[in-house]
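What's in start-v5.txt: compact mmCIF, C-alpha atoms
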# COMPACT_ATOMS: atom_id res chain seq x y z
CA MET A 4 -7.99 -6.84 -5.78
CA THR A 5 -8.68 -6.38 -2.13
CA TYR A 6 -6.02 -8.41 -0.36
CA MET A 7 -4.61 -5.53 1.65
CA LYS A 8 -8.15 -4.48 2.62
CA GLU A 9 -8.52 -7.80 4.40
CA ILE A 10 -5.27 -7.12 6.24
CA GLN A 11 -6.53 -3.67 7.23
CA LYS A 12 -9.84 -5.17 8.37
CA ALA A 13 -8.12 -7.76 10.57
CA VAL A 14 -6.22 -4.96 12.29
CA ASP A 15 -9.32 -2.80 12.67
CA ASP A 16 -11.38 -5.65 14.14
CA TRP A 17 -8.82 -5.84 16.91
CA ALA A 18 -8.24 -2.08 17.25
CA GLN A 19 -11.95 -1.41 17.77
CA THR A 20 -11.85 -3.50 20.96
CA LEU A 21 -9.48 -0.94 22.51
CA GLU A 22 -10.18 2.20 24.49
CA THR A 23 -8.01 4.15 22.02
CA PRO A 24 -7.98 2.17 18.77
CA TYR A 25 -5.08 3.94 17.07
CA TRP A 26 -2.02 5.99 17.87
CA GLN A 27 -1.30 9.34 16.25
CA PRO A 28 0.42 9.25 12.82
CA LEU A 29 3.86 10.36 14.09
CA GLU A 30 3.63 7.83 16.93
CA ASN A 31 2.93 5.05 14.45
CA LEU A 32 5.76 6.34 12.30
CA ALA A 33 8.10 6.03 15.29
CA ARG A 34 6.87 2.45 15.75
CA LEU A 35 7.52 1.80 12.07
CA SER A 36 11.13 3.03 12.49
CA GLU A 37 11.52 0.71 15.44
CA GLU A 38 10.18 -2.30 13.52
CA VAL A 39 12.34 -1.51 10.48
CA GLY A 40 15.32 -1.28 12.83
CA GLU A 41 14.58 -4.75 14.18
CA LEU A 42 14.35 -6.13 10.65
CA ALA A 43 17.64 -4.39 9.79
CA ARG A 44 19.27 -6.05 12.77
CA GLU A 45 18.12 -9.53 11.77
CA LEU A 46 19.13 -9.08 8.13
CA ASN A 47 22.55 -7.74 9.16
CA ILE A 48 23.11 -10.80 11.35
CA ARG A 49 22.11 -13.22 8.59
CA PHE A 50 23.49 -11.46 5.52
CA GLY A 51 25.90 -8.85 6.84
CA ALA A 52 28.62 -8.35 9.40
CA LYS A 53 26.75 -8.18 12.68
CA LYS A 54 27.56 -10.82 15.26
CA LYS A 55 25.18 -11.90 17.93
CA LYS A 56 26.19 -11.26 21.49
CA PRO A 57 26.53 -14.41 23.58
CA LYS A 58 23.14 -15.75 24.76
CA GLU A 59 21.33 -13.21 22.61
CA GLU A 60 18.18 -14.40 20.95
CA VAL A 61 17.59 -13.72 17.31
CA GLY A 62 14.08 -12.87 16.19
CA GLU A 63 12.45 -14.02 13.05
CA ILE A 64 12.80 -12.00 9.86
CA GLU A 65 9.28 -13.07 8.92
CA ASP A 66 7.85 -11.77 12.17
CA GLU A 67 9.63 -8.44 11.92
CA MET A 68 8.12 -7.96 8.46
CA GLY A 69 4.72 -8.90 9.88
CA ASP A 70 5.11 -6.15 12.48
CA ILE A 71 5.85 -3.64 9.72
CA ILE A 72 2.73 -4.64 7.78
CA PHE A 73 0.68 -4.39 10.97
CA THR A 74 1.98 -0.87 11.57
CA LEU A 75 1.26 0.20 8.00
CA ALA A 76 -2.30 -1.10 8.41
CA CYS A 77 -2.66 1.01 11.57
CA ILE A 78 -1.48 4.14 9.75
CA ALA A 79 -3.77 3.43 6.79
CA ASN A 80 -6.77 2.76 9.00
CA THR A 81 -6.23 5.97 10.97
CA LEU A 82 -6.05 8.05 7.82
CA ASP A 83 -8.75 6.13 5.96
CA LEU A 84 -6.31 5.11 3.24
CA ASP A 85 -6.28 2.01 1.06
CA LEU A 86 -3.04 0.01 1.08
CA GLN A 87 -4.20 -2.05 -1.89
CA LYS A 88 -4.42 1.13 -3.93
CA GLY A 89 -0.91 2.06 -2.85
CA PHE A 90 0.42 -1.39 -3.70
CA ASP A 91 -1.33 -1.41 -7.07
CA HIS A 92 0.34 1.92 -7.78
CA ALA A 93 3.73 0.43 -6.92
CA MET A 94 3.09 -2.46 -9.33
CA SER A 95 1.93 -0.10 -12.06
CA LYS A 96 5.25 1.78 -11.78
CA CYS A 97 7.06 -1.54 -12.35
CA TYR A 98 5.15 -2.15 -15.55
CA GLY A 99 5.13 1.49 -16.61
CA ARG A 100 7.09 4.56 -15.59
CA ASP A 101 10.12 2.80 -14.12
CA LYS A 102 10.19 -0.20 -16.38
CA ASP A 103 13.40 0.79 -18.15
CA LEU A 104 15.29 0.86 -14.84
CA HIS A 105 15.21 -2.96 -14.80
CA GLU A 106 16.88 -5.12 -17.44
CA LYS A 107 14.48 -7.63 -19.03
CA LYS A 108 15.28 -11.26 -19.70
CA MET B 10 -5.54 -16.72 5.14
CA THR B 11 -3.37 -16.10 2.13
CA TYR B 12 -3.81 -12.41 1.37
CA MET B 13 -0.14 -11.54 1.61
CA LYS B 14 0.74 -14.55 -0.54
CA GLU B 15 -1.23 -12.96 -3.37
CA ILE B 16 0.76 -9.77 -2.87
CA GLN B 17 4.00 -11.73 -2.97
CA LYS B 18 2.84 -13.55 -6.10
CA ALA B 19 2.02 -10.30 -7.91
CA VAL B 20 5.55 -9.08 -7.21
CA ASP B 21 7.11 -12.36 -8.26
CA ASP B 22 5.14 -12.50 -11.53
CA TRP B 23 6.79 -9.21 -12.43
CA ALA B 24 10.23 -9.99 -10.97
CA GLN B 25 10.54 -13.18 -13.01
CA THR B 26 10.39 -11.12 -16.21
CA LEU B 27 13.68 -9.46 -15.23
CA GLU B 28 17.26 -10.49 -15.94
CA THR B 29 17.96 -10.29 -12.19
CA PRO B 30 14.64 -10.78 -10.42
CA TYR B 31 15.69 -9.61 -6.96
CA TRP B 32 18.29 -7.47 -5.22
CA GLN B 33 20.38 -8.73 -2.34
CA PRO B 34 18.81 -8.52 1.15
CA LEU B 35 20.89 -5.53 2.34
CA GLU B 36 20.17 -3.71 -0.92
CA ASN B 37 16.45 -4.22 -0.42
CA LEU B 38 16.84 -3.10 3.18
CA ALA B 39 18.44 0.13 1.93
CA ARG B 40 15.47 0.59 -0.38
CA LEU B 41 13.14 -0.02 2.53
CA SER B 42 14.90 2.74 4.50
CA GLU B 43 14.50 5.06 1.56
CA GLU B 44 10.77 4.31 1.23
CA VAL B 45 10.20 4.71 4.97
CA GLY B 46 12.02 8.03 4.76
CA GLU B 47 9.66 9.20 2.03
CA LEU B 48 6.65 8.18 4.11
CA ALA B 49 8.16 9.99 7.12
CA ARG B 50 8.52 13.12 5.02
CA GLU B 51 4.89 13.05 3.88
CA LEU B 52 3.56 12.37 7.38
CA ASN B 53 5.69 15.16 8.83
CA ILE B 54 4.30 17.61 6.27
CA ARG B 55 0.68 16.60 6.98
CA PHE B 56 0.83 15.96 10.72
CA GLY B 57 4.07 17.54 11.91
CA ALA B 58 6.16 20.63 11.51
CA LYS B 59 7.71 20.21 8.09
CA LYS B 60 6.89 22.86 5.52
CA LYS B 61 6.98 22.24 1.84
CA LYS B 62 9.46 24.22 -0.18
CA PRO B 63 7.89 26.48 -2.81
CA LYS B 64 6.83 24.56 -5.93
CA GLU B 65 7.61 21.25 -4.27
CA GLU B 66 5.29 18.41 -5.05
CA VAL B 67 4.00 16.26 -2.26
CA GLY B 68 3.67 12.56 -2.88
CA GLU B 69 0.88 10.40 -1.70
CA ILE B 70 1.04 8.73 1.71
CA GLU B 71 -0.85 5.79 0.24
CA ASP B 72 1.72 5.32 -2.52
CA GLU B 73 4.66 5.50 -0.14
CA MET B 74 3.09 2.73 1.93
CA GLY B 75 2.54 0.74 -1.26
CA ASP B 76 6.25 1.04 -2.02
CA ILE B 77 7.07 -0.31 1.44
CA ILE B 78 4.79 -3.32 0.96
CA PHE B 79 6.35 -3.94 -2.46
CA THR B 80 9.82 -3.90 -0.92
CA LEU B 81 8.79 -6.27 1.87
CA ALA B 82 7.40 -8.66 -0.74
CA CYS B 83 10.75 -8.54 -2.57
CA ILE B 84 12.64 -9.40 0.62
CA ALA B 85 10.19 -12.19 1.47
CA ASN B 86 10.34 -13.66 -2.03
CA THR B 87 14.15 -13.63 -2.05
CA LEU B 88 14.32 -15.45 1.26
CA ASP B 89 11.35 -17.74 0.58
CA LEU B 90 9.46 -16.30 3.55
CA ASP B 91 5.72 -15.97 4.07
CA LEU B 92 4.50 -12.45 4.94
CA GLN B 93 1.08 -13.81 5.86
CA LYS B 94 2.69 -15.95 8.55
CA GLY B 95 4.54 -12.91 9.86
CA PHE B 96 1.37 -10.82 9.88
CA ASP B 97 -0.62 -13.58 11.58
CA HIS B 98 2.08 -13.66 14.24
CA ALA B 99 1.74 -9.91 14.75
CA MET B 100 -2.04 -10.30 15.19
CA SER B 101 -1.59 -13.19 17.60
CA LYS B 102 0.61 -10.96 19.78
CA CYS B 103 -2.23 -8.41 19.89
CA TYR B 104 -4.66 -11.02 21.16
CA GLY B 105 -2.09 -12.79 23.32
CA ARG B 106 1.31 -11.89 24.69
CA ASP B 107 0.98 -8.11 24.46
CA LYS B 108 -2.73 -7.78 25.10
CA ASP B 109 -2.33 -6.09 28.48
CA LEU B 110 -0.32 -3.25 26.91
CA HIS B 111 -3.55 -1.90 25.40
CA GLU B 112 -6.49 -0.69 27.46
CA LYS B 113 -9.76 -2.38 26.52
CA LYS B 114 -13.07 -0.62 26.08
CA MET C 12 36.12 23.80 12.38
CA THR C 13 37.22 20.26 12.90
CA TYR C 14 35.01 18.96 15.67
CA MET C 15 33.62 16.05 13.70
CA LYS C 16 37.13 15.13 12.55
CA GLU C 17 38.04 14.49 16.17
CA ILE C 18 35.00 12.23 16.46
CA GLN C 19 36.04 10.36 13.33
CA LYS C 20 39.62 10.05 14.64
CA ALA C 21 38.45 8.57 17.96
CA VAL C 22 36.52 5.91 16.04
CA ASP C 23 39.44 5.21 13.72
CA ASP C 24 41.92 4.88 16.58
CA TRP C 25 39.77 2.04 17.88
CA ALA C 26 38.89 0.53 14.50
CA GLN C 27 42.55 0.20 13.53
CA THR C 28 43.06 -2.21 16.44
CA LEU C 29 40.67 -4.67 14.77
CA GLU C 30 41.35 -7.43 12.27
CA THR C 31 38.68 -5.89 9.99
CA PRO C 32 38.45 -2.22 10.92
CA TYR C 33 35.17 -1.42 9.12
CA TRP C 34 32.05 -3.09 7.79
CA GLN C 35 30.84 -2.62 4.24
CA PRO C 36 28.69 0.50 3.56
CA LEU C 37 25.34 -1.36 3.33
CA GLU C 38 26.18 -3.28 6.52
CA ASN C 39 26.83 -0.03 8.33
CA LEU C 40 23.62 1.36 6.87
CA ALA C 41 21.73 -1.60 8.33
CA ARG C 42 23.34 -0.85 11.69
CA LEU C 43 22.30 2.79 11.31
CA SER C 44 18.67 1.68 10.75
CA GLU C 45 18.87 -0.45 13.85
CA GLU C 46 20.23 2.40 15.98
CA VAL C 47 17.64 4.85 14.63
CA GLY C 48 14.98 2.26 15.48
CA GLU C 49 16.21 2.11 19.06
CA LEU C 50 16.11 5.89 19.33
CA ALA C 51 12.59 5.86 17.83
CA ARG C 52 11.51 3.38 20.47
CA GLU C 53 12.86 5.49 23.34
CA LEU C 54 11.35 8.72 22.00
CA ASN C 55 7.98 7.01 21.47
CA ILE C 56 7.99 5.81 25.08
CA ARG C 57 8.87 9.25 26.45
CA PHE C 58 6.95 11.49 24.06
CA GLY C 59 4.48 9.21 22.29
CA ALA C 60 2.08 6.40 22.89
CA LYS C 61 4.33 3.42 23.43
CA LYS C 62 4.12 1.70 26.79
CA LYS C 63 6.92 -0.26 28.31
CA LYS C 64 6.33 -3.92 28.87
CA PRO C 65 6.55 -4.99 32.51
CA LYS C 66 10.16 -5.32 33.70
CA GLU C 67 11.44 -3.92 30.44
CA GLU C 68 14.46 -1.70 30.65
CA VAL C 69 14.49 1.60 28.89
CA GLY C 70 17.73 2.71 27.28
CA GLU C 71 19.04 6.17 27.24
CA ILE C 72 18.09 8.55 24.44
CA GLU C 73 21.55 10.10 24.74
CA ASP C 74 23.27 6.76 24.28
CA GLU C 75 21.17 5.83 21.26
CA MET C 76 22.17 9.10 19.61
CA GLY C 77 25.79 8.36 20.49
CA ASP C 78 25.47 5.02 18.67
CA ILE C 79 24.15 6.82 15.59
CA ILE C 80 27.09 9.26 15.59
CA PHE C 81 29.49 6.34 16.01
CA THR C 82 27.94 4.57 13.00
CA LEU C 83 28.10 7.72 10.87
CA ALA C 84 31.79 8.06 11.75
CA CYS C 85 32.34 4.45 10.63
CA ILE C 86 30.66 5.13 7.28
CA ALA C 87 32.60 8.38 6.80
CA ASN C 88 35.93 6.74 7.69
CA THR C 89 35.32 3.86 5.28
CA LEU C 90 34.54 6.21 2.43
CA ASP C 91 37.15 8.81 3.38
CA LEU C 92 34.48 11.46 3.86
CA ASP C 93 34.48 14.47 6.17
CA LEU C 94 31.48 14.73 8.50
CA GLN C 95 32.43 18.29 9.44
CA LYS C 96 32.10 19.31 5.80
CA GLY C 97 28.67 17.67 5.68
CA PHE C 98 27.57 19.39 8.88
CA ASP C 99 28.88 22.77 7.70
CA HIS C 100 26.83 22.27 4.54
CA ALA C 101 23.71 21.59 6.65
CA MET C 102 24.32 24.81 8.60
CA SER C 103 24.89 26.79 5.42
CA LYS C 104 21.47 25.65 4.15
CA CYS C 105 19.93 27.02 7.35
CA TYR C 106 21.46 30.43 6.76
CA GLY C 107 21.02 30.29 2.99
CA ARG C 108 18.90 28.23 0.62
CA ASP C 109 16.27 27.11 3.11
CA LYS C 110 16.19 30.17 5.31
CA ASP C 111 12.68 31.23 4.29
CA LEU C 112 11.24 27.89 5.44
CA HIS C 113 11.69 29.05 9.05
CA GLU C 114 9.90 32.02 10.56
CA LYS C 115 12.30 34.49 12.16
CA LYS C 116 11.76 36.14 15.52
CA MET D 12 36.03 16.22 25.22
CA THR D 13 33.44 18.66 24.04
CA TYR D 14 33.43 18.32 20.27
CA MET D 15 29.75 17.48 19.97
CA LYS D 16 28.89 20.36 22.31
CA GLU D 17 30.34 22.73 19.73
CA ILE D 18 28.14 21.10 17.11
CA GLN D 19 25.09 21.49 19.35
CA LYS D 20 26.00 25.12 20.03
CA ALA D 21 26.29 25.94 16.32
CA VAL D 22 22.77 24.56 15.82
CA ASP D 23 21.40 26.42 18.82
CA ASP D 24 22.93 29.74 17.76
CA TRP D 25 20.89 29.45 14.57
CA ALA D 26 17.76 27.97 16.17
CA GLN D 27 17.50 30.84 18.65
CA THR D 28 17.02 33.27 15.76
CA LEU D 29 13.73 31.52 14.91
CA GLU D 30 10.21 32.17 16.13
CA THR D 31 9.98 28.48 17.11
CA PRO D 32 13.53 27.26 17.66
CA TYR D 33 12.84 23.52 17.69
CA TRP D 34 10.30 20.99 16.49
CA GLN D 35 8.72 18.42 18.78
CA PRO D 36 10.70 15.20 19.41
CA LEU D 37 8.53 12.97 17.19
CA GLU D 38 8.65 15.59 14.43
CA ASN D 39 12.43 15.62 14.57
CA LEU D 40 12.40 11.82 14.59
CA ALA D 41 10.37 11.88 11.38
CA ARG D 42 12.95 14.22 9.89
CA LEU D 43 15.69 11.86 11.02
CA SER D 44 13.94 8.98 9.19
CA GLU D 45 13.75 11.12 6.09
CA GLU D 46 17.46 12.03 6.23
CA VAL D 47 18.46 8.40 6.87
CA GLY D 48 16.33 7.42 3.88
CA GLU D 49 18.19 9.88 1.69
CA LEU D 50 21.52 8.50 2.86
CA ALA D 51 20.24 4.96 2.21
CA ARG D 52 19.33 5.96 -1.31
CA GLU D 53 22.78 7.41 -2.04
CA LEU D 54 24.60 4.43 -0.56
CA ASN D 55 22.41 2.00 -2.51
CA ILE D 56 23.23 3.82 -5.74
CA ARG D 57 26.98 3.80 -5.06
CA PHE D 58 27.38 0.42 -3.34
CA GLY D 59 24.20 -1.49 -4.08
CA ALA D 60 21.77 -2.24 -6.85
CA LYS D 61 19.85 0.97 -7.25
CA LYS D 62 20.08 2.71 -10.59
CA LYS D 63 19.59 6.38 -11.10
CA LYS D 64 16.70 7.47 -13.24
CA PRO D 65 17.69 9.42 -16.34
CA LYS D 66 18.56 13.06 -15.57
CA GLU D 67 18.26 12.41 -11.86
CA GLU D 68 20.73 14.22 -9.67
CA VAL D 69 22.56 12.35 -6.99
CA GLY D 70 23.14 14.08 -3.70
CA GLU D 71 26.24 13.87 -1.66
CA ILE D 72 26.69 11.13 0.92
CA GLU D 73 28.65 13.60 3.04
CA ASP D 74 25.81 16.12 3.01
CA GLU D 75 23.18 13.54 3.92
CA MET D 76 25.26 12.56 6.95
CA GLY D 77 25.60 16.23 7.82
CA ASP D 78 21.80 16.51 7.82
CA ILE D 79 21.57 13.56 10.20
CA ILE D 80 24.04 15.14 12.62
CA PHE D 81 22.13 18.43 12.41
CA THR D 82 18.89 16.62 13.27
CA LEU D 83 20.47 14.79 16.20
CA ALA D 84 21.74 18.12 17.52
CA CYS D 85 18.19 19.50 17.32
CA ILE D 86 16.82 16.55 19.30
CA ALA D 87 19.59 16.82 21.87
CA ASN D 88 19.15 20.58 22.27
CA THR D 89 15.38 20.22 22.73
CA LEU D 90 15.81 17.61 25.44
CA ASP D 91 18.87 19.23 27.02
CA LEU D 92 20.99 16.17 26.28
CA ASP D 93 24.71 15.92 25.63
CA LEU D 94 25.70 14.15 22.40
CA GLN D 95 29.33 14.02 23.50
CA LYS D 96 28.29 11.97 26.53
CA GLY D 97 26.34 9.61 24.27
CA PHE D 98 29.28 9.27 21.88
CA ASP D 99 31.72 8.68 24.74
CA HIS D 100 29.40 5.93 25.94
CA ALA D 101 29.45 4.34 22.48
CA MET D 102 33.28 4.41 22.49
CA SER D 103 33.42 2.95 25.99
CA LYS D 104 31.32 -0.01 24.78
CA CYS D 105 33.91 -0.62 22.04
CA TYR D 106 36.69 -0.79 24.57
CA GLY D 107 34.62 -2.57 27.21
CA ARG D 108 31.35 -4.48 27.18
CA ASP D 109 31.28 -5.35 23.49
CA LYS D 110 34.99 -5.72 22.90
CA ASP D 111 34.87 -9.49 22.33
CA LEU D 112 32.42 -9.02 19.43
CA HIS D 113 35.29 -7.71 17.31
CA GLU D 114 38.34 -9.75 16.35
CA LYS D 115 41.61 -8.02 17.25
CA LYS D 116 44.66 -7.82 15.02
Please rewrite the model in this file as structure tokens.
Amino acid sequence: MTYMKEIQKAVDDWAQTLETPYWQPLENLARLSEEVGELARELNIRFGAKKKKPKEEVGEIEDEMGDIIFTLACIANTLDLDLQKGFDHAMSKCYGRDKDLHEKK
Amino acid sequence: MTYMKEIQKAVDDWAQTLETPYWQPLENLARLSEEVGELARELNIRFGAKKKKPKEEVGEIEDEMGDIIFTLACIANTLDLDLQKGFDHAMSKCYGRDKDLHEKK
Amino acid sequence: MTYMKEIQKAVDDWAQTLETPYWQPLENLARLSEEVGELARELNIRFGAKKKKPKEEVGEIEDEMGDIIFTLACIANTLDLDLQKGFDHAMSKCYGRDKDLHEKK
Amino acid sequence: MTYMKEIQKAVDDWAQTLETPYWQPLENLARLSEEVGELARELNIRFGAKKKKPKEEVGEIEDEMGDIIFTLACIANTLDLDLQKGFDHAMSKCYGRDKDLHEKK
């Protein structure tokens, strides 16, 4: 499957229009922390204890997750890595190595 | 485009074989933090200051990113959200709202 | 030493004035992710690649770290844990188990 | 109060024995992500859905929080910042700006 490759290509098509296509790995990692923090905030408002401040706008959980995927694609493109391969590995753990950690129907 | 929908479907095909297909949102968020931490560790060893301890195995950056995508798909599936829509929104910001934050060629 | 105990006490003195003194552990963890994300953002602006958007305010790195310490004190107070003991353990690793990971003068 | 200054001093007393006392800010941020991820893992095992793998050791929540405080002290020392000032600011928000976000007894 090559779904994530298409995601990486969409990001690269845009990045190649820039003077400096990609940030350094630890810079992108910092951005990833920031995006995860924004997702955490939204999830804590919807499913946890956090209250909104008056007049405060709430972002979209979907969009915050989109930002995380975008950032992962940037990191993968910089390092010439294949997110599909990483995802396939995650799925293979579900069906293999870690399968007894989850109770079957 | 529907690339991320295929990713979400692959996760759901597996999750539906389980007694409890998905964790709660804040539980998945905790897992996301853990996976991001593992990616941070790998990137800091390769591109930063962190030294490996003797005999310590280093994971694969690609696999850590795969785990993050897997976790995002779990969150999206639980909440009936569409990661492709979130990603498309991230790309639209690149070409639109935030485009002047990046210097063009 | 009991420095961190004083920090935890300051937080508890305030928390005990509330109807519900503390959030649940995974709620506080979500808040921790959010605060770490805000620190990541500030550090990436000052020391990385991130540009501010026009008219955007930049927070204070010091304050973001203060929010993280506050959140840790909340978690520790909820679980009746001692942050000083945890910190002393971190220092003991520096002088002991991990000491060969760092090159001496 | 100067509690956090004592924490920062304990870290600096050790750091100054090293060839390179401190990492770069984004390197320390990566370490912070890693430590937060380890805390997330422990909290998800105790209070969430995560199961331990067979024979897997579980760390101590207290120690993971100690590692986070240690890392914050490193960042603060590198940038000549005062964690006590940041914490005092967090407390002042509790009693001031954000006080109506929390229901009183």
Compile the residues of chain B that lie within 8 Å of chain A, evaluated using all atoms listed in the file, and express the compilation as a count of residues only.
-> 47
Which distance in Å separates atom CA of Glu43 of chain B and atom CA of Arg52 of chain D, to one decimal?
->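 One can read the atom CA of Glu43 of chain B to atom CA of Arg52 of chain D distance as 5.7 Å.
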Atom CA of Tyr33 of chain D and atom CA of Glu53 of chain C are how many Å apart?
->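 Spanning atom CA of Tyr33 of chain D to atom CA of Glu53 of chain C is a straight-line distance of 18.9 Å.
For the pair atom CA of Asp21 of chain B and atom CA of Glu47 of chain B, the separation is 24.0 Å.
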Which of B:Glu44, B:Lys61, B:Gln17, B:Glu36 sits closest to Asp111 of chain C [using all atoms listed in the file] =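 Residue with the minimum atom-to-atom distance to Asp111 of chain C: B:Lys61.
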Need the axis-aligned box for segment 56-59 of chain B with 3 Å each side, so what are the centre and edges in Å to one decimal, as AutoDock Vina command-line options?
--center_x 4.3 --center_y 18.3 --center_z 10.0 --size_x 12.9 --size_y 10.7 --size_z 9.8
